[in-house]
Each structure stands twice: as structure tokens, then as C-alpha cells.
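Enquirer: Got a file for you: start-v4.csv, CSV, C-alpha atoms and all ligand atoms.
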```
chain,number,residue,atom,x,y,z
A,8,MET,CA,-5.0,-8.6,21.5
A,9,VAL,CA,-8.5,-8.5,19.9
A,10,ASP,CA,-10.3,-9.7,23.0
A,11,GLU,CA,-8.4,-7.7,25.7
A,12,GLN,CA,-7.1,-4.6,24.0
A,13,LEU,CA,-9.8,-4.0,21.3
A,14,ARG,CA,-13.2,-5.5,22.3
A,15,GLY,CA,-12.4,-4.9,26.0
A,16,ARG,CA,-11.8,-1.2,25.3
A,17,GLY,CA,-14.9,-0.7,23.2
A,18,ILE,CA,-14.0,-1.4,19.6
A,19,ARG,CA,-17.3,-2.7,18.3
A,20,ASP,CA,-17.1,-2.7,14.4
A,21,VAL,CA,-17.1,-6.4,13.6
A,22,ARG,CA,-15.4,-5.8,10.2
A,23,VAL,CA,-12.5,-4.0,12.0
A,24,LEU,CA,-12.2,-6.7,14.6
A,25,ARG,CA,-12.2,-9.4,11.9
A,26,ALA,CA,-9.5,-7.6,9.9
A,27,MET,CA,-7.4,-7.2,13.0
A,28,LEU,CA,-7.7,-11.0,13.6
A,29,GLU,CA,-6.8,-11.9,10.0
A,30,ILE,CA,-3.9,-9.6,9.1
A,31,PRO,CA,-0.6,-11.0,10.3
A,32,ARG,CA,0.8,-8.0,12.3
A,33,GLU,CA,4.0,-9.9,12.9
A,34,GLU,CA,4.9,-9.5,9.2
A,35,PHE,CA,5.0,-5.7,9.6
A,36,VAL,CA,7.1,-5.7,12.7
A,37,LEU,CA,11.0,-5.7,12.9
A,38,GLN,CA,12.3,-9.3,13.2
A,39,GLU,CA,13.9,-8.6,16.6
A,40,LEU,CA,10.6,-7.2,18.0
A,41,ARG,CA,8.3,-10.0,16.8
A,42,HIS,CA,7.8,-11.4,20.3
A,43,GLN,CA,6.2,-8.1,21.1
A,44,THR,CA,3.9,-8.0,18.1
A,45,TYR,CA,0.7,-8.3,20.0
A,46,GLY,CA,1.7,-6.1,22.9
A,47,ASP,CA,-0.3,-3.1,24.0
A,48,GLU,CA,2.3,-0.5,22.9
A,49,PRO,CA,3.8,1.2,19.8
A,50,LEU,CA,6.9,-0.5,18.4
A,51,ARG,CA,9.9,1.1,16.6
A,52,ILE,CA,10.1,0.3,12.9
A,53,GLY,CA,13.4,2.1,12.1
A,54,TYR,CA,14.2,5.6,10.8
A,55,GLY,CA,12.9,7.1,14.1
A,56,GLN,CA,9.3,6.0,13.4
A,57,THR,CA,6.9,3.6,15.0
A,58,ILE,CA,4.0,1.3,14.3
A,59,SER,CA,1.1,2.5,16.5
A,60,GLN,CA,-0.4,0.6,19.4
A,61,PRO,CA,-3.0,-1.9,18.1
A,62,TYR,CA,-5.9,-0.2,20.0
A,63,ILE,CA,-5.2,3.2,18.5
A,64,THR,CA,-5.0,1.8,15.0
A,65,ALA,CA,-8.3,0.0,15.4
A,66,ARG,CA,-9.9,3.1,16.9
A,67,MET,CA,-8.7,5.2,14.0
A,68,VAL,CA,-10.0,2.7,11.4
A,69,GLU,CA,-13.3,2.3,13.2
A,70,LEU,CA,-13.9,6.1,13.2
A,71,LEU,CA,-13.7,6.1,9.4
A,72,GLU,CA,-17.0,4.1,9.3
A,73,LEU,CA,-15.9,2.2,6.2
A,74,GLY,CA,-18.6,0.3,4.2
A,75,GLY,CA,-16.3,-1.5,1.7
A,76,ASP,CA,-16.3,0.6,-1.5
A,77,GLU,CA,-14.4,3.7,-0.5
A,78,ARG,CA,-11.4,5.3,-2.1
A,79,LEU,CA,-9.1,6.1,0.8
A,80,LEU,CA,-5.9,8.1,1.5
A,81,ASP,CA,-3.6,6.9,4.3
A,82,VAL,CA,-0.9,9.4,5.3
A,83,GLY,CA,2.2,8.0,7.0
A,84,THR,CA,2.5,4.4,5.6
A,85,GLY,CA,5.3,3.4,8.1
A,86,SER,CA,5.3,-0.4,8.1
A,87,GLY,CA,2.2,-0.7,5.9
A,88,TYR,CA,0.1,-2.4,8.6
A,89,HIS,CA,-2.5,0.4,8.9
A,90,ALA,CA,-2.7,0.5,5.1
A,91,ALA,CA,-3.2,-3.3,5.0
A,92,LEU,CA,-6.2,-3.0,7.4
A,93,LEU,CA,-7.7,-0.2,5.4
A,94,GLY,CA,-7.2,-2.2,2.2
A,95,ALA,CA,-9.2,-5.1,3.8
A,96,LEU,CA,-12.1,-2.7,4.6
A,97,ALA,CA,-12.3,-0.3,1.6
A,98,GLY,CA,-12.2,-0.4,-2.2
A,99,GLU,CA,-8.9,1.3,-2.9
A,100,VAL,CA,-6.1,2.8,-0.7
A,101,ILE,CA,-3.5,5.3,-1.7
A,102,SER,CA,-0.8,5.3,1.1
A,103,ILE,CA,1.9,8.0,1.2
A,104,GLU,CA,5.1,7.9,3.2
A,105,ARG,CA,7.8,10.6,3.2
A,106,ILE,CA,10.8,8.3,4.1
A,107,PRO,CA,11.7,6.4,0.9
A,108,GLU,CA,13.3,3.4,2.8
A,109,LEU,CA,10.0,2.9,4.8
A,110,ALA,CA,7.9,3.2,1.7
A,111,ALA,CA,10.0,0.4,0.2
A,112,ILE,CA,9.8,-1.7,3.3
A,113,ALA,CA,6.0,-1.2,3.4
A,114,MET,CA,5.6,-2.2,-0.2
A,115,ASP,CA,7.6,-5.3,0.4
A,116,ASN,CA,5.6,-6.2,3.5
A,117,LEU,CA,2.3,-5.7,1.6
A,118,ARG,CA,3.5,-7.8,-1.4
A,119,ARG,CA,4.9,-10.6,0.8
A,120,THR,CA,1.6,-11.0,2.7
A,121,GLY,CA,-0.4,-10.7,-0.6
A,122,LEU,CA,-2.3,-7.7,0.8
A,123,ASP,CA,-1.2,-5.3,-1.9
A,124,ARG,CA,-4.1,-6.0,-4.4
A,125,ASN,CA,-5.9,-2.6,-3.8
A,126,ILE,CA,-3.1,-0.6,-2.2
A,127,THR,CA,-0.7,1.8,-3.9
A,128,VAL,CA,2.2,3.2,-1.8
A,129,VAL,CA,3.7,6.5,-3.0
A,130,CYS,CA,6.7,8.4,-1.5
A,131,GLY,CA,6.2,12.1,-0.8
A,132,ASP,CA,4.9,14.8,1.4
A,133,GLY,CA,1.5,13.5,2.6
A,134,SER,CA,0.7,16.8,4.3
A,135,LEU,CA,-0.1,18.0,0.8
A,136,GLY,CA,-2.3,14.9,0.1
A,137,VAL,CA,-2.1,13.1,-3.3
A,138,PRO,CA,-4.0,15.5,-5.6
A,139,ASP,CA,-3.7,13.2,-8.6
A,140,HIS,CA,-5.9,10.6,-6.9
A,141,ALA,CA,-8.3,13.0,-5.1
A,142,PRO,CA,-11.1,13.1,-4.0
A,143,PHE,CA,-11.0,10.6,-1.2
A,144,ASP,CA,-14.1,9.3,0.6
A,145,ALA,CA,-12.0,9.0,3.8
A,146,ILE,CA,-8.5,10.1,4.9
A,147,SER,CA,-6.5,8.7,7.7
A,148,VAL,CA,-3.4,10.5,9.0
A,149,ALA,CA,-1.1,8.5,11.3
A,150,ALA,CA,1.2,11.4,12.3
A,151,ALA,CA,0.5,14.4,14.5
A,152,ALA,CA,-0.4,17.7,12.8
A,153,PRO,CA,-0.3,21.2,14.4
A,154,ARG,CA,-3.6,21.9,12.6
A,155,ILE,CA,-5.9,20.2,10.0
A,156,PRO,CA,-3.9,20.5,6.7
A,157,HIS,CA,-5.9,22.6,4.1
A,158,ALA,CA,-4.8,20.3,1.3
A,159,LEU,CA,-6.3,17.2,3.0
A,160,LEU,CA,-9.6,19.0,3.6
A,161,ALA,CA,-9.7,20.1,0.0
A,162,GLN,CA,-9.1,16.5,-1.2
A,163,LEU,CA,-11.8,15.1,1.1
A,164,ALA,CA,-15.0,14.1,-0.9
A,165,ASP,CA,-18.4,15.3,0.2
A,166,PRO,CA,-19.5,13.3,2.1
A,167,GLY,CA,-16.2,12.3,3.6
A,168,ILE,CA,-14.4,11.7,6.9
A,169,LEU,CA,-10.9,12.6,8.0
A,170,VAL,CA,-9.3,11.2,11.1
A,171,ILE,CA,-6.1,12.9,12.4
A,172,PRO,CA,-4.2,13.5,15.6
A,173,ALA,CA,-3.8,17.2,16.0
A,174,GLY,CA,-2.3,19.4,18.7
A,175,THR,CA,1.2,20.1,19.9
A,176,ARG,CA,4.3,18.0,19.4
A,177,MET,CA,3.9,16.4,22.8
A,178,ASP,CA,0.1,16.1,23.2
A,179,GLN,CA,-2.6,15.7,20.7
A,180,GLU,CA,-6.2,14.8,20.4
A,181,LEU,CA,-7.6,12.3,17.9
A,182,ARG,CA,-9.9,14.5,15.8
A,183,VAL,CA,-12.7,13.5,13.4
A,184,VAL,CA,-13.5,16.0,10.6
A,185,ARG,CA,-16.7,15.3,8.7
A,186,LYS,CA,-17.6,17.0,5.4
A,187,ARG,CA,-21.3,16.9,4.7
A,188,GLU,CA,-23.5,18.9,2.3
A,189,GLY,CA,-20.8,21.6,1.9
A,190,ARG,CA,-20.3,22.0,5.7
A,191,VAL,CA,-17.3,20.9,7.8
A,192,GLU,CA,-17.8,19.6,11.4
A,193,GLU,CA,-14.9,18.7,13.7
A,194,ARG,CA,-14.9,16.9,17.0
A,195,GLY,CA,-12.3,15.6,19.4
A,196,VAL,CA,-12.4,11.9,20.4
A,197,SER,CA,-9.5,11.1,22.8
A,198,PRO,CA,-6.0,12.2,23.8
A,199,CYS,CA,-3.2,10.5,21.9
A,200,ARG,CA,0.5,10.9,21.1
A,201,PHE,CA,2.0,10.4,17.6
A,202,VAL,CA,5.3,11.1,15.9
A,203,PRO,CA,5.1,14.5,14.1
A,204,LEU,CA,3.8,15.1,10.6
A,205,VAL,CA,6.8,16.6,8.8
A,206,GLY,CA,6.3,18.6,5.6
A,207,SER,CA,4.7,21.7,4.2
A,208,GLU,CA,1.6,21.5,6.3
A,209,GLY,CA,3.3,19.8,9.2
A,210,PHE,CA,5.1,21.2,12.2
A,211,LYS,CA,7.5,24.2,11.6
A,212,ASP,CA,10.8,24.3,13.4
A,213,ASN,CA,9.4,26.9,16.0
A,214,GLU,CA,6.3,24.9,16.7
B,1,LIG,N1,0.6,3.7,9.9
B,1,LIG,C1,2.0,3.2,10.2
B,1,LIG,C2,2.0,1.8,10.4
B,1,LIG,O1,1.0,1.1,10.3
B,1,LIG,O2,3.1,1.2,10.5
B,1,LIG,C3,2.6,4.0,11.3
B,1,LIG,C4,2.8,5.4,11.1
B,1,LIG,S1,4.0,6.2,12.0
B,1,LIG,C5,3.2,6.5,13.5
B,1,LIG,C6,4.0,7.8,11.2
B,1,LIG,C7,4.6,7.8,9.8
B,1,LIG,O3,4.3,9.1,9.2
B,1,LIG,C8,6.1,7.7,9.8
B,1,LIG,O4,6.4,6.6,9.0
B,1,LIG,C9,6.5,9.0,9.2
B,1,LIG,O5,7.7,8.9,8.4
B,1,LIG,C10,5.3,9.4,8.4
B,1,LIG,N2,5.2,10.8,8.0
B,1,LIG,C11,5.5,11.9,8.8
B,1,LIG,N3,5.3,13.0,8.1
B,1,LIG,C12,4.9,12.6,6.8
B,1,LIG,C13,4.5,13.3,5.7
B,1,LIG,N4,4.4,14.7,5.6
B,1,LIG,N5,4.1,12.6,4.6
B,1,LIG,C14,4.1,11.2,4.6
B,1,LIG,N6,4.4,10.5,5.7
B,1,LIG,C15,4.8,11.2,6.8
```
Taking this structure as input, can you express it in the form of C-alpha cells?
Expert:
Amino acid sequence: MVDEQLRGRGIRDVRVLRAMLEIPREEFVLQELRHQTYGDEPLRIGYGQTISQPYITARMVELLELGGDERLLDVGTGSGYHAALLGALAGEVISIERIPELAAIAMDNLRRTGLDRNITVVCGDGSLGVPDHAPFDAISVAAAAPRIPHALLAQLADPGILVIPAGTRMDQELRVVRKREGRVEERGVSPCRFVPLVGSEGFKDNE
């Protein structure tokens, strides 16, 4: 997975590559799909949700340019795998999931693998961020948004980086939003497809 899907496709950050080697992805995958753990595709995790393809997870983490001390917000905990990677690369991670059963499964996965030391999982609407723990040096959103949620931008520190898939329900672009000296710059990185962000600043029924 690391050689072919990550290095081979341009993931260069050695800390990200090392973390992807060390974290046991199979512990975050459904028992019956474990034989597909290191495949080049998203896998279902129950409740209509998925764990992202390894490459897209690595790319999102790399784009955050983590140095090791950051306080981070992870929106869309799912299985907890992405949070585990972030925890290995940053100082503190607050991870928010809207489906209570998945939040419980993620907490269990993180505890069982001993990767929960600096990760707090909360259950709620992550499109509104987690104001009690803000500001965040970096924010990662693993569900597709129709636009950049205002609340997340407000909770991003200066300097800070937000990585989020944004677009329509069917097609999105991975976007990097950088806050620096009071200014906000946004750029698109690559096409992608995620499950929708549901909630106050997520997709409306008519979107
Ligand atoms: N990062 C996850 C992992 O490593 O397994 C996969 C994330 S999955 C692609 C997207 C997740 O976002 C789903 O678990 C979904 O329930 C969650 N989600 C969608 N809208 C949300 C919201 N408003 N707040 C929190 N989580 C949300």
C-alpha cells in the first residue's frame, strides 16, 4: 500500500508515510472486509458510511503540513483511522462524528490499538465545529460540503490550514483553505468523491 498507492502516486511527507506504515489499518475495518484492508478503494464501515481510500487519506493528511505540536479538529470520525493518523502526527486531536454508534466504534478502535492518548472523540454536528476546543491549528473534514462552513473558518487559528472536499453531492474537489495574517486563501487540489456532510452547514435537502 505504502510503496504502490502512496509513494508511487506522489505522497512525499516521510512522517505521513511512516504513520501509514505503523498504524494497523485492519483494526479499523469491518471483520468481514479485513482481507481488503490494504486495497486501493474505500470500504464500508456500516451506517451507510465508508473509510476512505488510503491514498486520499494520506493526501489529506499531507496537505495539513503537520509539524507535531498542532491542536487539530477532525470532522467525520467514521472508523477512527484518519483520527489515529492525525494523532500520530500532531499534538492533540478533537474528532467529531454525528452518528453515535460510529463514534462509539471509533473510540473502541482507538482504545484497543492504544492510539487514543491524544485523541478525544465527540458526538455531534461537526459542520458547526467544536467551539469549546477552538481555535484549531488545522482542520480536516472527511465528508463533502456544499461550501466551506463558516463555523470551521471561524474556529481555524491564524495561521491555520483547513482541508475539505467541497462541491456537489456527486462531484467534489479537495480544497485547501489557508488563513494567514488575517487573510484567507483557497485553492483546489484534485477531484474527489466523499459521502455528504450532514448538518447545519452541510447539504440541504434541495442541494
Ligand atoms: N475519517 C473516517 C475514517 O477514517 O474512517 C471516514 C469518514 S467517512 C468518509 C465520513 C464521516 O463523516 C461519516 O462517518 C459520517 O457519519 C460523518 N459525518 C457526516 N456529516 C457529519 C457532521 N455534520 N458531523 C460529524 N460527522 C459527520
Enquirer: Which is closest to A:Ile30 among A:Thr84, A:Thr120, A:Asn213, A:Gln179, if we use only C-alpha atoms?
Expert: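 The shortest atom-to-atom distance to A:Ile30 comes from A:Thr120.
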Enquirer: If the limit is 9 Å from any atom of ligand LIG 1 (chain B), counting all atoms listed in the file, which residues qualify? Return them as a ChimeraX atom specification.
Expert: /A:35-36,49-50,52-59,64,81-92,102-107,109-110,113,129-136,147-152,201-209
Enquirer: Quick one, how far is atom CA of A:Asp165 from atom CA of A:Pro138?
Expert: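 Value for the atom CA of A:Asp165-atom CA of A:Pro138 distance: 15.5 Å.
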Enquirer: May I have a table of the residues of stretch 13-100 of chain A lying at most 12 Å from stretch 181-185 of chain A, giving each one's closest pair of atoms and their distance in Å to one decimal, counting all atoms listed in the file, ordered by chain and ascending residue number, as a Markdown table?
Expert:
```
| residue | atom | partner | partner_atom | distance |
| --- | --- | --- | --- | --- |
| A:Ile63 | CA | A:Leu181 | CA | 9.4 |
| A:Thr64 | CA | A:Leu181 | CA | 11.2 |
| A:Arg66 | CA | A:Leu181 | CA | 9.5 |
| A:Met67 | CA | A:Leu181 | CA | 8.2 |
| A:Val68 | CA | A:Val183 | CA | 11.3 |
| A:Glu69 | CA | A:Val183 | CA | 11.2 |
| A:Leu70 | CA | A:Val183 | CA | 7.5 |
| A:Leu71 | CA | A:Val183 | CA | 8.5 |
| A:Glu72 | CA | A:Val183 | CA | 11.1 |
```
Enquirer: Neighbourhood query: residues within 6 Å of (1.1, -0.2, -2.7), file coordinates, counting only C-alpha atoms; return as JSON, numbers by chain.
Expert: {"A": [114, 123, 126, 127, 128]}
Enquirer: Do you have the atom CA of A:Leu163-atom CA of A:Phe143 distance handy?
Expert: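 Distance reported for this atom pair: 5.1 Å.
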Enquirer: Have a look at atom CA of A:Lys211 and atom CA of A:Val196 and let me know their distance in Å, one decimal.
Expert: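 These two atoms are separated by 25.0 Å.
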Enquirer: Give the answer as one residue: which of A:Ala145, A:Ala95, A:Met8, A:Leu159 has the shortest atom-to-atom distance to A:Arg78, using all atoms listed in the file?
Expert: A:Ala145
Enquirer: Can you tell me, as a ChimeraX atom specification, which residues sit within 6 Å of (2.1, 20.7, 16.8) in the file's frame, using all atoms listed in the file?
Expert: /A:152-153,174-176,210,214
Enquirer: Tell me, as a list of chain:residue names, which residues lie within 8 Å of stretch 12-17 of chain A, counting all atoms listed in the file; anything in the same chain fewer than 5 positions away does not count.
Expert: A:Leu24, A:Asp47, A:Pro61, A:Tyr62, A:Ala65
Enquirer: Would you please work out which residue, of A:Leu169, A:Val9, A:Asn116, A:Asp212, is nearest to A:Glu33 when using all atoms listed in the file?
Expert: A:Asn116
Enquirer: Ranking A:Leu37, A:Cys199, A:Leu117, A:Ala111 by minimum distance to A:Glu180 and counting all atoms listed in the file, which one comes first?
Expert: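 Of the candidates, the smallest distance to A:Glu180 is held by A:Cys199.
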Enquirer: Using only C-alpha atoms, which residue out of A:Glu34, A:Arg19, A:Pro156, A:Lys186 lies closest to A:Arg119?
Expert: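 Smallest distance to A:Arg119 is found for A:Glu34.
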Enquirer: Which neighbours of A:Gly75 fall inside 7 Å, counting all atoms listed in the file, when residues of the same chain fewer than 3 positions from it are skipped, and could you give them as JSON, numbers by chain?
Expert: {"A": [96, 97, 98]}
